[in-house]
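Accompanying notes for the structure given below.
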Amino acid sequence: MKRLSYPFSPEAVRELKVGDMVLITGKLFTGRDAVHKYLHDGNKPPVDLKNQIIYHCGPVTMKDKKTGKWTVTAAGPTTSIREEPYQWEVIRDYGIVGVIGKGGMGQKTLDACKEHGCVYFHAIGGAAQVLAEKIKSVDGLYLEEFGLPEAIWELTVEEFPVVVTMDAHGNSLHKDVEESSRTALKEVL
Amino acid sequence: MTKKVATKKAAKKVLSKKVITKAPTKKLPVKKLDPKQKTIETLVELIKTTSTVVPDDVYRTLLKARTQEQAGSTASYAMNIINDNIELAKLKSQPLCQDTGTVIFFIYHPPGFHQTPFKELIKKAVVKATQKGYLRQNSVNSLTGENAGTNLGEGHPSIHFYEHNKKEVEVKLVLKGGGCENVSAQYSLPDTGLGAGRDLAGVRKVIIDAIHKAQGKGCGPGALGICIGGDRADSAYLAKKQLLRKLDDKNSHPELNKLENDIVETCNKLGIGPMGFGGKTTLLSCKITHANRVPASFFVSISYMCWAFRRQGIVMDKNNSIKKWLY
């Protein structure tokens, strides 16, 4: 088990390799379909994403009526491949060093990871409670107009469990499994 | 001192006696919910359980799958987190997965049952369950992109009524997440690219192809509902309805039963594994039904359900309370 702690950097994530199980401690920003399209359309992000990690997640959130404070009650990853057309640009233009999601991403993102020093972390899909437990505070809410699941949530996490499935050296577990299962597919058909 | 204590004790005795003697004469207000409120409460309870607890048959299958993976592998790591998540969600009564999915109700009712008022109660229960955080604000207007935050809207929730010859009302609920819905598929046979003809061998090919295409994107290990035949709409719906079957049941149709087992066994040879990390369990189960088709069409519909298989059901008693859980 490896650890990655805030502040993050391209140098730190370049140390990570496909298959590494990593516990992340520090800051995460959620961002999914609406946010990626918004950035792709030329809008500037409402927060500085330099050396930050973006989490493909639309959490279940509850607002305390008295204090106005938000808590996240369920927060697993959403399917990342939908951001494939946009992710490479977000990595290039805003300097993010990590993407957390599920299902993996494609060649464009893999190339951008290698060029700019970024890693794709796979969180366990559907494990919304285990992952929400690791969120220690909700520090900000941006682009609320996209609806709560689609907004940017600034979160502090402790020992958030992920697996590196695409590293900054051009390796992708998704590519490997796709290929080996294709060979197996030919045998069983 | 001792005297004081004694008097205190005596006073206490009197006091407690008083309470006892007074209690029966005091009419406690019996909180009686009106039948509509009771139904809403019952339906909220169904939504809560469906969202937060995996059914026993699914849990048993997952536990078995967990033992198959090699200790220390990423697949085993994924299965352990899945197990922790199931326990934590149940303990905290919070959603297993943040994507609480399309809310799909199947209502089986006796003759003479009024569907329209029941629909309204379902909608109220859905709004309440959303406020309580059992459902995410998950319904988006497809034209405007607006999320009203209530989980109500055109076609939401999805409600299907069936008349049965029992006296009681049964309500089944499936919460179908978007990730696994996106890897669900429909094929039209023959499929020349796959060399799949209009027979069971062709059906087998397209199902396995769908699983290969899905890789880890549907949050595997997954469970399949399949329909062979029907028109495009019925076929997709009947495939999804197969998800109501318990994972350990047996198809009464011998040939389909054989195909179900064959699909699970074969797909688990692909090595896709939990989350697509590589590993032994790619599929937990496969349930197949069939429907007639017109000579020109031959559709095969595949409904993929993630490991967080959210399905529950209840039998309601005369007072609209939960008489029995179905899974």
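Residue numbering restarts at 1 for every chain of the structure tokens, chains are lettered A, B, ... in their displayed order, and ligands are numbered from 1 as they appear.
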Which of chain A counts as strand (DSSP E or B) under DSSP, as a ChimeraX atom specification please? /A:2-5,21-30,53-55,60-63,70-74,79,98-102,119-122,135-142,152-166,172
Surrounding residues of range 293-305 of chain B excluding itself and chain neighbours under 2 positions, 8 Å, only C-alpha atoms, as a VMD selection string: chain B and resid 176 to 177 180 to 181 183 to 190 198 203 206 to 207 210 218 222 to 232 235 to 236 239 to 240 243 291 307 to 309
Generate a file of the selected residues that holds C-alpha atoms, formatted as an mmCIF file, in the first residue's frame.
data_model
loop_
_atom_site.group_PDB
_atom_site.id
_atom_site.type_symbol
_atom_site.label_atom_id
_atom_site.label_comp_id
_atom_site.auth_asym_id
_atom_site.auth_seq_id
_atom_site.Cartn_x
_atom_site.Cartn_y
_atom_site.Cartn_z
ATOM 1 C CA LYS B 176 -30.957 0.773 -11.776
ATOM 2 C CA GLY B 177 -27.759 2.798 -11.840
ATOM 3 C CA CYS B 180 -24.525 -0.402 -15.725
ATOM 4 C CA GLU B 181 -27.437 0.853 -17.810
ATOM 5 C CA VAL B 183 -23.202 -0.883 -20.887
ATOM 6 C CA SER B 184 -26.524 -2.677 -21.427
ATOM 7 C CA ALA B 185 -27.073 -3.507 -25.083
ATOM 8 C CA GLN B 186 -29.425 -4.663 -27.799
ATOM 9 C CA TYR B 187 -28.299 -6.739 -30.775
ATOM 10 C CA SER B 188 -30.109 -7.486 -33.986
ATOM 11 C CA LEU B 189 -29.427 -10.932 -35.437
ATOM 12 C CA PRO B 190 -27.817 -11.881 -37.711
ATOM 13 C CA ARG B 198 -30.440 -16.468 -35.757
ATOM 14 C CA VAL B 203 -27.538 -15.439 -29.053
ATOM 15 C CA VAL B 206 -23.726 -11.517 -28.760
ATOM 16 C CA ILE B 207 -24.170 -11.849 -24.991
ATOM 17 C CA ALA B 210 -21.566 -7.418 -24.708
ATOM 18 C CA GLY B 218 -20.654 -1.481 -15.498
ATOM 19 C CA GLY B 222 -22.317 -7.914 -12.861
ATOM 20 C CA ALA B 223 -25.603 -9.768 -13.215
ATOM 21 C CA LEU B 224 -27.482 -10.086 -16.492
ATOM 22 C CA GLY B 225 -31.129 -10.029 -17.482
ATOM 23 C CA ILE B 226 -31.652 -11.181 -21.066
ATOM 24 C CA CYS B 227 -34.577 -11.346 -23.459
ATOM 25 C CA ILE B 228 -34.398 -13.285 -26.687
ATOM 26 C CA GLY B 229 -36.920 -11.891 -29.169
ATOM 27 C CA GLY B 230 -39.753 -9.391 -28.860
ATOM 28 C CA ASP B 231 -39.782 -5.980 -30.524
ATOM 29 C CA ARG B 232 -37.082 -3.494 -29.518
ATOM 30 C CA SER B 235 -37.310 -6.948 -25.509
ATOM 31 C CA ALA B 236 -35.404 -4.346 -23.494
ATOM 32 C CA ALA B 239 -34.628 -8.271 -20.178
ATOM 33 C CA LYS B 240 -34.691 -5.799 -17.304
ATOM 34 C CA LEU B 243 -33.468 -8.854 -12.776
ATOM 35 C CA ALA B 291 -40.646 -13.533 -26.377
ATOM 36 C CA TRP B 307 -22.677 -5.679 -8.148
ATOM 37 C CA ALA B 308 -24.653 -3.129 -6.102
ATOM 38 C CA PHE B 309 -27.762 -4.986 -7.211
#
Rows by chain and residue number, chain A within 10 Å of chain B, shortest pair, only C-alpha atoms, as a Markdown table:
| residue | atom | partner | partner_atom | distance |
| --- | --- | --- | --- | --- |
| A:Gly19 | CA | B:Thr74 | CA | 7.2 |
| A:Asp20 | CA | B:Thr74 | CA | 8.7 |
| A:Met21 | CA | B:Thr74 | CA | 7.7 |
| A:Ala34 | CA | B:Gly145 | CA | 9.9 |
| A:Cys57 | CA | B:Gln98 | CA | 8.6 |
| A:Gly58 | CA | B:Gln98 | CA | 7.2 |
| A:Pro59 | CA | B:Gln98 | CA | 5.8 |
| A:Val60 | CA | B:Arg136 | CA | 5.4 |
| A:Thr61 | CA | B:Gly133 | CA | 7.7 |
| A:Met62 | CA | B:Gly133 | CA | 7.1 |
| A:Val72 | CA | B:Gln98 | CA | 9.8 |
| A:Thr73 | CA | B:Gln94 | CA | 6.9 |
| A:Ala74 | CA | B:Gln98 | CA | 4.9 |
| A:Ala75 | CA | B:Gln98 | CA | 5.5 |
| A:Gly76 | CA | B:Gln98 | CA | 6.0 |
| A:Pro77 | CA | B:Gln98 | CA | 8.4 |
| A:Thr78 | CA | B:Gly179 | CA | 7.1 |
| A:Thr79 | CA | B:Gly179 | CA | 6.1 |
| A:Ser80 | CA | B:Lys217 | CA | 8.5 |
| A:Ile81 | CA | B:Lys217 | CA | 8.4 |
| A:Lys102 | CA | B:Lys217 | CA | 6.9 |
| A:Gly103 | CA | B:Lys217 | CA | 4.3 |
| A:Gly104 | CA | B:Lys217 | CA | 7.7 |
| A:His122 | CA | B:Met275 | CA | 8.8 |
| A:Ala123 | CA | B:Ala78 | CA | 8.9 |
| A:Ile124 | CA | B:Ala78 | CA | 6.2 |
| A:Gly125 | CA | B:Cys219 | CA | 5.5 |
| A:Gly126 | CA | B:Cys97 | CA | 4.6 |
| A:Ala127 | CA | B:Asn85 | CA | 5.4 |
| A:Ala128 | CA | B:Cys97 | CA | 4.7 |
| A:Gln129 | CA | B:Asn85 | CA | 5.6 |
| A:Val130 | CA | B:Asn85 | CA | 5.2 |
| A:Leu131 | CA | B:Asn85 | CA | 8.5 |
| A:Ala132 | CA | B:Gln98 | CA | 9.5 |
| A:Glu133 | CA | B:Leu88 | CA | 9.2 |
| A:Glu145 | CA | B:Glu146 | CA | 9.5 |
| A:Phe146 | CA | B:Glu146 | CA | 8.2 |
| A:Gly147 | CA | B:Asn147 | CA | 6.2 |
| A:Leu148 | CA | B:Gln137 | CA | 7.7 |
| A:Pro149 | CA | B:Gln137 | CA | 7.4 |
| A:Pro161 | CA | B:Ile81 | CA | 9.0 |
| A:Val162 | CA | B:Ala78 | CA | 9.5 |
| A:Val163 | CA | B:Thr74 | CA | 7.6 |
| A:Thr165 | CA | B:Phe277 | CA | 8.2 |
| A:Leu173 | CA | B:Phe277 | CA | 7.1 |
| A:His174 | CA | B:Gly276 | CA | 7.2 |
| A:Asp176 | CA | B:Gly278 | CA | 9.1 |
| A:Val177 | CA | B:Gly278 | CA | 6.1 |
| A:Glu178 | CA | B:Gln215 | CA | 7.0 |
| A:Ser180 | CA | B:Gly271 | CA | 7.7 |
| A:Ser181 | CA | B:Leu270 | CA | 4.9 |
| A:Arg182 | CA | B:His212 | CA | 7.3 |
| A:Thr183 | CA | B:Leu270 | CA | 8.4 |
| A:Ala184 | CA | B:Leu270 | CA | 5.3 |
| A:Leu185 | CA | B:Leu270 | CA | 6.2 |
| A:Lys186 | CA | B:Leu270 | CA | 9.7 |
| A:Glu187 | CA | B:Leu270 | CA | 9.3 |
| A:Val188 | CA | B:Thr266 | CA | 6.8 |
| A:Leu189 | CA | B:Lys205 | CA | 6.3 |
For range 89-93 of chain A, list every protein, DNA or RNA residue within 8 Å, evaluated using only C-alpha atoms, and leave out those in the same chain fewer than 3 positions away; present the list as a VMD selection string. chain A and resid 36 39 to 40 86 96 to 97 112 to 113 116 118
Give the alpha helix (DSSP H) residues of chain A, as assigned by DSSP on the backbone, as number ranges by chain. A: 10-14, 33-40, 84-94, 107-116, 128-133, 173-188
